[in-house]
>>> print(open('upload-v3.cif').read())   # mmCIF, C-alpha atoms
data_target
loop_
_atom_site.label_atom_id
_atom_site.label_comp_id
_atom_site.auth_asym_id
_atom_site.auth_seq_id
_atom_site.Cartn_x
_atom_site.Cartn_y
_atom_site.Cartn_z
CA MET A 1 -12.34 9.63 5.54
CA LEU A 2 -9.48 8.05 7.49
CA THR A 3 -7.94 11.48 7.88
CA GLY A 4 -10.17 11.85 10.93
CA ILE A 5 -8.11 9.19 12.68
CA VAL A 6 -4.61 9.63 11.31
CA GLY A 7 -4.55 13.22 10.09
CA LYS A 8 -4.88 16.68 11.53
CA GLU A 9 -8.66 16.64 11.44
CA ALA A 10 -10.40 16.00 14.74
CA SER A 11 -14.02 15.95 13.59
CA VAL A 12 -16.49 14.04 15.77
CA THR A 13 -18.64 13.44 12.67
CA ASN A 14 -15.67 11.79 10.97
CA ALA A 15 -14.98 9.64 14.01
CA VAL A 16 -18.63 8.55 14.35
CA CYS A 17 -18.87 7.77 10.61
CA GLN A 18 -15.70 5.67 10.81
CA ILE A 19 -16.99 3.70 13.78
CA VAL A 20 -20.32 3.09 12.03
CA VAL A 21 -18.59 2.00 8.79
CA ILE A 22 -16.27 -0.41 10.61
CA ALA A 23 -19.11 -1.86 12.73
CA SER A 24 -21.37 -2.24 9.66
CA GLY A 25 -18.57 -3.87 7.70
CA HIS A 26 -17.99 -6.32 10.52
CA TYR A 27 -21.71 -7.13 10.71
CA VAL A 28 -22.05 -7.65 6.95
CA LEU A 29 -18.99 -9.92 6.80
CA THR A 30 -20.05 -12.09 9.74
CA LYS A 31 -23.58 -12.37 8.32
CA ALA A 32 -22.24 -13.35 4.89
CA ARG A 33 -19.82 -15.80 6.50
CA ALA A 34 -22.62 -17.50 8.41
CA HIS A 35 -24.83 -17.82 5.33
CA SER A 36 -22.29 -18.84 2.70
CA LYS A 37 -19.70 -21.61 2.88
CA ARG A 38 -17.85 -19.97 0.01
CA VAL A 39 -17.56 -16.65 1.84
CA ALA A 40 -16.51 -18.50 5.00
CA ARG A 41 -13.73 -20.22 3.04
CA TRP A 42 -12.51 -16.92 1.64
CA LEU A 43 -12.57 -15.19 5.02
CA ASP A 44 -11.28 -18.00 7.26
CA GLY A 45 -9.56 -20.42 4.92
CA THR A 46 -9.93 -24.14 5.48
CA PRO A 47 -8.25 -26.44 7.99
CA LEU A 48 -5.17 -28.09 6.52
CA ILE A 49 -3.87 -31.52 7.38
CA LEU A 50 -0.19 -31.48 8.29
CA MET A 51 0.27 -35.13 9.11
CA GLU A 52 -1.85 -38.09 8.24
CA GLY A 53 -1.21 -41.83 8.32
CA ASP A 54 2.48 -41.41 9.27
CA GLN A 55 3.02 -39.07 6.30
CA TRP A 56 3.93 -35.39 6.40
CA ARG A 57 2.25 -32.98 4.04
CA GLU A 58 5.52 -31.24 3.19
CA ARG A 59 3.95 -28.78 0.76
CA THR A 60 1.49 -27.59 3.39
CA PHE A 61 4.31 -27.07 5.90
CA TRP A 62 6.26 -25.10 3.29
CA LYS A 63 3.40 -22.98 2.06
CA MET A 64 2.11 -22.18 5.55
CA ARG A 65 5.64 -21.43 6.87
CA ILE A 66 5.42 -23.96 9.68
CA SER A 67 8.31 -26.05 10.96
CA LYS A 68 8.30 -29.57 12.33
CA ALA A 69 9.44 -28.05 15.64
CA ASP A 70 6.18 -26.06 15.76
CA ALA A 71 4.23 -29.27 15.26
CA MET A 72 6.33 -31.13 17.83
CA SER A 73 5.67 -28.50 20.47
CA VAL A 74 1.92 -29.08 20.04
CA VAL A 75 2.47 -32.82 20.19
CA ARG A 76 4.20 -32.37 23.56
CA ASP A 77 1.37 -30.09 24.71
CA ALA A 78 -1.00 -32.96 23.97
CA GLY A 79 1.01 -35.17 26.35
CA LEU A 80 2.59 -37.25 23.58
CA ARG A 81 6.28 -38.04 23.21
CA THR A 82 6.82 -38.59 19.48
CA PHE A 83 5.19 -37.97 16.11
CA SER A 84 4.60 -41.69 15.77
CA GLU A 85 1.94 -41.43 18.48
CA VAL A 86 -0.01 -38.93 16.35
CA HIS A 87 -2.79 -40.04 14.02
CA THR A 88 -3.62 -36.64 12.53
CA ALA A 89 -2.18 -33.15 12.94
CA THR A 90 -4.27 -30.33 11.55
CA LEU A 91 -3.55 -26.66 11.06
CA GLU A 92 -6.81 -25.06 12.14
CA ARG A 93 -8.41 -21.95 10.66
CA ASN A 94 -7.41 -19.89 13.72
CA GLY A 95 -3.73 -20.78 13.15
CA GLU A 96 -3.45 -23.34 15.92
CA ILE A 97 -2.34 -26.94 15.37
CA SER A 98 -4.60 -29.64 16.72
CA ILE A 99 -3.57 -33.23 17.38
CA VAL A 100 -5.55 -36.45 17.36
CA PRO A 101 -3.55 -39.24 19.04
CA LYS A 102 -3.48 -42.67 17.39
CA GLY A 103 -5.50 -44.41 20.07
CA GLU A 104 -8.41 -41.96 19.75
CA ALA A 105 -8.79 -42.08 15.97
CA MET B 1 -40.76 -20.49 23.52
CA ILE B 2 -39.85 -23.05 20.84
CA VAL B 3 -36.16 -23.20 20.03
CA PRO B 4 -35.62 -24.30 16.41
CA SER B 5 -33.43 -27.38 16.11
CA ALA B 6 -32.22 -29.86 13.49
CA PRO B 7 -30.73 -33.35 13.70
CA ILE B 8 -26.93 -33.58 13.83
CA ASP B 9 -25.38 -34.35 10.42
CA ASP B 10 -22.11 -36.21 10.98
CA ASN B 11 -21.11 -35.70 7.35
CA ALA B 12 -21.52 -31.91 7.36
CA VAL B 13 -17.74 -31.55 7.52
CA PRO B 14 -15.68 -33.88 5.24
CA LYS B 15 -13.69 -36.55 7.09
CA VAL B 16 -10.12 -37.80 7.00
CA ASP B 17 -9.78 -41.58 6.68
CA ASP B 18 -13.54 -41.64 7.07
CA ALA B 19 -12.99 -41.08 10.79
CA ILE B 20 -12.10 -37.48 11.71
CA SER B 21 -14.10 -34.48 10.55
CA VAL B 22 -11.61 -31.89 9.30
CA GLY B 23 -13.22 -30.16 6.31
CA GLU B 24 -9.99 -29.66 4.38
CA ASP B 25 -10.37 -28.27 0.86
CA LEU B 26 -7.01 -28.62 -0.87
CA GLY B 27 -8.39 -27.44 -4.22
CA PHE B 28 -9.45 -24.14 -2.69
CA GLN B 29 -6.18 -23.89 -0.77
CA GLU B 30 -4.08 -24.37 -3.92
CA ALA B 31 -6.08 -21.60 -5.62
CA TRP B 32 -5.55 -19.40 -2.57
CA TRP B 33 -1.79 -20.04 -2.59
CA LYS B 34 -1.71 -19.04 -6.26
CA PHE B 35 -3.59 -15.85 -5.37
CA GLU B 36 -1.08 -15.24 -2.54
CA ASN B 37 1.81 -15.61 -4.99
CA ILE B 38 0.26 -13.00 -7.28
CA VAL B 39 -0.21 -10.65 -4.32
CA TRP B 40 3.44 -11.12 -3.27
CA LEU B 41 4.53 -10.41 -6.85
CA ILE B 42 2.51 -7.19 -6.83
CA PHE B 43 4.00 -6.24 -3.45
CA GLY B 44 7.48 -6.85 -4.86
CA LEU B 45 6.78 -4.68 -7.89
CA ILE B 46 5.43 -1.90 -5.65
CA LEU B 47 8.58 -2.12 -3.52
CA VAL B 48 10.89 -1.92 -6.54
CA ALA B 49 8.85 0.93 -8.06
CA ASP B 50 8.99 2.78 -4.74
CA LEU B 51 12.76 2.30 -4.43
CA LEU B 52 13.19 3.62 -7.97
CA GLY B 53 11.10 6.65 -7.06
CA MET B 54 8.10 5.98 -9.28
CA PHE B 55 5.89 7.16 -6.43
CA GLY B 56 8.04 10.24 -5.86
CA ARG B 57 11.18 11.03 -3.90
CA GLY B 58 13.66 8.99 -5.92
CA TRP B 59 15.74 8.62 -9.05
CA PHE B 60 12.75 8.23 -11.40
CA ALA B 61 10.95 11.28 -10.02
CA ARG B 62 13.85 13.71 -10.34
CA ALA B 63 13.52 15.90 -13.40
CA GLN B 64 15.26 18.84 -14.94
CA ALA B 65 14.13 21.34 -17.54
CA GLY B 66 15.76 24.26 -19.28
CA THR B 67 17.83 25.20 -22.31
CA PRO B 68 19.99 28.24 -23.12
CA GLU B 69 16.86 29.80 -24.66
CA THR B 70 14.95 29.65 -21.39
CA ALA B 71 17.55 31.67 -19.40
CA MET B 72 17.17 29.31 -16.47
CA SER B 73 17.24 25.65 -15.54
CA ILE B 74 14.71 24.07 -13.25
CA ARG B 75 15.01 21.03 -11.02
CA TYR B 76 11.73 19.54 -9.87
CA GLU B 77 10.02 16.27 -9.05
CA SER B 78 7.92 14.88 -11.89
CA VAL B 79 6.12 12.67 -9.37
CA GLU B 80 5.00 14.20 -6.11
CA ARG B 81 2.93 12.96 -3.21
CA ALA B 82 -0.19 14.69 -1.97
CA SER B 83 0.22 16.57 1.32
CA THR B 84 3.99 15.97 1.19
CA PRO B 85 6.55 18.75 0.82
CA SER B 86 8.62 18.99 -2.36
CA MET B 87 10.65 21.64 -4.10
CA ILE B 88 11.11 23.38 -7.43
CA THR B 89 14.54 24.95 -7.71
CA VAL B 90 15.16 27.57 -10.40
CA ALA B 91 18.78 28.34 -11.29
CA LEU B 92 19.03 31.62 -13.13
CA ALA B 93 21.28 32.02 -16.18
CA PRO B 94 23.13 35.32 -16.86
CA GLU B 95 20.49 36.21 -19.51
CA ALA B 96 17.82 36.27 -16.79
CA VAL B 97 19.46 39.08 -14.85
CA ILE B 98 18.99 42.58 -16.22
CA GLN B 99 20.22 45.59 -14.25
CA GLY B 100 20.51 43.57 -11.07
CA LYS B 101 17.01 42.18 -11.23
CA ALA B 102 15.46 38.91 -12.39
CA HIS B 103 11.84 38.55 -13.37
CA LEU B 104 10.15 35.18 -13.24
CA PHE B 105 6.66 34.29 -14.39
CA VAL B 106 5.09 31.36 -12.53
CA SER B 107 1.76 29.88 -13.57
CA ASP B 108 -1.16 29.76 -11.14
CA SER B 109 -0.96 25.97 -11.04
CA VAL B 110 2.30 26.16 -9.06
CA LEU B 111 0.64 28.36 -6.47
CA LYS B 112 -2.75 26.66 -6.32
CA GLU B 113 -2.73 23.04 -7.53
CA LEU B 114 0.84 22.31 -6.49
CA GLY B 115 0.31 24.24 -3.26
CA ALA B 116 3.31 26.61 -3.14
CA GLN B 117 3.90 27.31 0.54
CA ARG B 118 6.86 29.62 0.32
CA VAL B 119 9.19 31.30 -2.17
CA VAL B 120 12.83 31.58 -1.13
CA PRO B 121 14.14 34.23 -1.28
CA GLN B 122 11.26 36.58 -0.70
CA PRO B 123 10.57 38.43 -4.00
CA GLU B 124 10.92 42.17 -4.13
CA SER B 125 7.55 42.45 -5.85
CA SER B 126 4.90 40.29 -7.43
CA VAL B 127 2.47 41.18 -10.18
CA ILE B 128 -0.53 39.03 -11.08
CA GLY B 129 -1.77 38.50 -14.64
CA ASN B 130 -1.69 36.14 -17.65
CA GLY B 131 -2.76 33.19 -15.48
CA GLY B 132 0.05 33.51 -13.01
CA VAL B 133 2.34 35.74 -11.02
CA THR B 134 5.47 37.55 -12.19
CA TYR B 135 8.00 37.87 -9.40
CA THR B 136 10.92 40.25 -9.30
CA PHE B 137 14.06 39.29 -7.40
CA PRO B 138 17.10 41.49 -6.79
CA VAL B 139 20.25 39.64 -7.92
CA SER B 140 23.79 40.68 -6.88
CA ALA B 141 25.81 37.98 -8.68
CA LEU B 142 25.45 34.48 -10.13
CA PRO B 143 24.95 31.66 -9.34
CA ALA B 144 21.50 32.53 -8.05
CA THR B 145 18.66 30.13 -7.28
CA ILE B 146 15.02 30.55 -6.36
CA GLN B 147 13.14 27.83 -4.51
CA PHE B 148 9.42 27.14 -4.42
CA GLU B 149 8.38 24.95 -1.51
CA LEU B 150 5.35 22.94 -2.58
CA GLU B 151 2.80 20.79 -0.83
CA PRO B 152 0.05 19.67 -3.22
CA SER B 153 -3.25 18.99 -1.48
CA PHE B 154 -4.84 16.58 -3.94
CA PRO B 155 -3.68 13.85 -6.32
CA GLY B 156 -3.89 14.34 -10.08
CA ILE B 157 -1.92 15.37 -13.14
CA ARG B 158 -0.79 18.99 -12.96
CA HIS B 159 0.79 21.19 -15.62
CA TRP B 160 2.89 24.20 -14.79
CA LYS B 161 4.76 26.91 -16.65
CA MET B 162 7.66 29.18 -15.78
CA GLN B 163 9.25 31.85 -17.89
CA VAL B 164 11.83 34.53 -17.67
CA PRO B 165 10.00 37.25 -19.66
CA GLY B 166 11.47 37.63 -23.14
CA ASN B 167 12.81 34.05 -23.14
CA ALA B 168 11.36 30.67 -23.99
CA MET B 169 8.81 29.23 -21.60
CA ILE B 170 9.36 26.01 -19.66
CA GLN B 171 6.33 23.78 -19.36
CA ALA B 172 6.22 20.59 -17.36
CA ARG B 173 3.84 17.99 -16.09
CA VAL B 174 3.76 16.69 -12.54
CA ILE B 175 1.91 13.61 -11.39
CA VAL B 176 0.69 13.97 -7.82
CA VAL B 177 0.09 10.54 -6.33
CA PRO B 178 -2.20 10.04 -3.31
#
>>> encode(input="upload-v3.cif", output="structure tokens")
Amino acid sequence: MLTGIVGKEASVTNAVCQIVVIASGHYVLTKARAHSKRVARWLDGTPLILMEGDQWRERTFWKMRISKADAMSVVRDAGLRTFSEVHTATLERNGEISIVPKGEA
Amino acid sequence: MIVPSAPIDDNAVPKVDDAISVGEDLGFQEAWWKFENIVWLIFGLILVADLLGMFGRGWFARAQAGTPETAMSIRYESVERASTPSMITVALAPEAVIQGKAHLFVSDSVLKELGAQRVVPQPESSVIGNGGVTYTFPVSALPATIQFELEPSFPGIRHWKMQVPGNAMIQARVIVVP
């Protein structure tokens, strides 16, 4: 079927079928994600805590291929100077790191 | 119009230190990392298999057939890829050349299933029958080779035969991967 996009075939029917399949797949996945926490976990993953109570989660850093420098850059973005001002750092499901400063926790 | 609503549940997402809602699920994440490791292992095996030529175009795929009784030796790829060019090269032995001509029977599967695109050199004549084609090539002196340029259309296991009439037949199997 994909030959319509990447191969020599230039069939409009192929192209329309591919668009419909992709759109339907997207709809089914988002519907399933909204209705089932389990599906949502499989599709999006879960947030992961990187730093909590002055302790690094080293394994999470290692497994998610994140460096302390990545975390520090987000800490600076949040207007903080050092890690010691951070209460919790979380790797969100969209790949961004979010920071909760100590005073706000 | 009534808009459906429900009271806010502050415990819908599990909290850290009983203060910040994060919703981390380390148990699931550990299982996911294990799954990732398995996937990386499979990727690694695919890479090694590809480098070795198990999916065609490499050391594993290269094959040769032929004995003194067959009056020729054939080099081919035992693993080919669909819609990808490949080659069967036939090297004629002195026994294959009679009065300046060499005859070669090629089964239909080479022409149809393995998608022969071209025979080099052009045969002098070709006669169909016995589930294949018998080509005749004029030969001036040895060494002499004949090449079949292939491009199989579909994946599958294909069997082919070649024979210099009056000599033993060579049969081989080719796996065409998608």
>>> atom_distance(input="upload-v3.cif", atom1="CA of Val86 in chain A", atom2="CA of Phe28 in chain B")
25.9 Å
>>> resolve_selection(input="upload-v3.cif", expression="the PyMOL selection byres ((chain A) within 6 of (chain B))", output="PyMOL selection string")
chain A and resi 46-48
>>> atom_distance(input="upload-v3.cif", atom1="CA of Leu50 in chain A", atom2="CA of Lys37 in chain A")
22.5 Å
>>> resolve_selection(input="upload-v3.cif", expression="the PyMOL selection byres ((chain B and resi 150-152) around 7)", output="JSON, numbers by chain")
{"B": [82, 83, 84, 85, 86, 87, 113, 114, 115, 116, 117, 148, 149, 153, 154]}
>>> residues_around(input="upload-v3.cif", residues="Leu43 in chain A", least_positions_apart="3", cutoff="12 Å", atoms="only C-alpha atoms", output="list in words")
His26, Leu29, Thr30, Lys31, Ala32, Arg33, Ala34, Ser36, Lys37, Arg38, Val39, Ala40, Thr46, Arg93 and Asn94 of chain A; Trp32 of chain B
>>> atom_distance(input="upload-v3.cif", atom1="CA of Asp77 in chain A", atom2="CA of Glu92 in chain A")
15.8 Å
>>> build_atoms(input="upload-v3.cif", residues="range 60-76 of chain B", atoms="N, CA and C atoms", output="PDB file, in the frame of the given file")
ATOM      1  N   PHE B  60      13.699   8.100 -10.286  1.00  0.00           N
ATOM      2  CA  PHE B  60      12.750   8.230 -11.400  1.00  0.00           C
ATOM      3  C   PHE B  60      12.023   9.571 -11.366  1.00  0.00           C
ATOM      4  N   ALA B  61      11.769  10.067 -10.147  1.00  0.00           N
ATOM      5  CA  ALA B  61      10.950  11.280 -10.020  1.00  0.00           C
ATOM      6  C   ALA B  61      11.730  12.557 -10.303  1.00  0.00           C
ATOM      7  N   ARG B  62      13.068  12.497 -10.158  1.00  0.00           N
ATOM      8  CA  ARG B  62      13.850  13.710 -10.340  1.00  0.00           C
ATOM      9  C   ARG B  62      13.827  14.154 -11.801  1.00  0.00           C
ATOM     10  N   ALA B  63      13.589  15.413 -12.013  1.00  0.00           N
ATOM     11  CA  ALA B  63      13.520  15.900 -13.400  1.00  0.00           C
ATOM     12  C   ALA B  63      14.193  17.264 -13.485  1.00  0.00           C
ATOM     13  N   GLN B  64      14.592  17.571 -14.694  1.00  0.00           N
ATOM     14  CA  GLN B  64      15.260  18.840 -14.940  1.00  0.00           C
ATOM     15  C   GLN B  64      14.739  19.403 -16.248  1.00  0.00           C
ATOM     16  N   ALA B  65      14.595  20.701 -16.314  1.00  0.00           N
ATOM     17  CA  ALA B  65      14.130  21.340 -17.540  1.00  0.00           C
ATOM     18  C   ALA B  65      14.922  22.616 -17.747  1.00  0.00           C
ATOM     19  N   GLY B  66      15.067  23.003 -19.006  1.00  0.00           N
ATOM     20  CA  GLY B  66      15.760  24.260 -19.280  1.00  0.00           C
ATOM     21  C   GLY B  66      16.786  24.122 -20.377  1.00  0.00           C
ATOM     22  N   THR B  67      16.861  25.132 -21.213  1.00  0.00           N
ATOM     23  CA  THR B  67      17.830  25.200 -22.310  1.00  0.00           C
ATOM     24  C   THR B  67      18.433  26.602 -22.285  1.00  0.00           C
ATOM     25  N   PRO B  68      19.454  26.862 -23.088  1.00  0.00           N
ATOM     26  CA  PRO B  68      19.990  28.240 -23.120  1.00  0.00           C
ATOM     27  C   PRO B  68      18.922  29.268 -23.484  1.00  0.00           C
ATOM     28  N   GLU B  69      17.907  28.843 -24.244  1.00  0.00           N
ATOM     29  CA  GLU B  69      16.860  29.800 -24.660  1.00  0.00           C
ATOM     30  C   GLU B  69      15.913  30.171 -23.521  1.00  0.00           C
ATOM     31  N   THR B  70      15.914  29.379 -22.466  1.00  0.00           N
ATOM     32  CA  THR B  70      14.950  29.650 -21.390  1.00  0.00           C
ATOM     33  C   THR B  70      15.545  30.560 -20.303  1.00  0.00           C
ATOM     34  N   ALA B  71      16.848  30.798 -20.357  1.00  0.00           N
ATOM     35  CA  ALA B  71      17.550  31.670 -19.400  1.00  0.00           C
ATOM     36  C   ALA B  71      17.493  31.153 -17.971  1.00  0.00           C
ATOM     37  N   MET B  72      17.170  29.914 -17.814  1.00  0.00           N
ATOM     38  CA  MET B  72      17.170  29.310 -16.470  1.00  0.00           C
ATOM     39  C   MET B  72      17.105  27.788 -16.622  1.00  0.00           C
ATOM     40  N   SER B  73      17.470  27.102 -15.571  1.00  0.00           N
ATOM     41  CA  SER B  73      17.240  25.650 -15.540  1.00  0.00           C
ATOM     42  C   SER B  73      16.474  25.346 -14.260  1.00  0.00           C
ATOM     43  N   ILE B  74      15.605  24.366 -14.368  1.00  0.00           N
ATOM     44  CA  ILE B  74      14.710  24.070 -13.250  1.00  0.00           C
ATOM     45  C   ILE B  74      14.862  22.603 -12.846  1.00  0.00           C
ATOM     46  N   ARG B  75      15.039  22.395 -11.563  1.00  0.00           N
ATOM     47  CA  ARG B  75      15.010  21.030 -11.020  1.00  0.00           C
ATOM     48  C   ARG B  75      13.706  20.858 -10.259  1.00  0.00           C
ATOM     49  N   TYR B  76      13.013  19.763 -10.530  1.00  0.00           N
ATOM     50  CA  TYR B  76      11.730  19.540  -9.870  1.00  0.00           C
ATOM     51  C   TYR B  76      11.479  18.037  -9.772  1.00  0.00           C
TER      52      TYR B  76
END
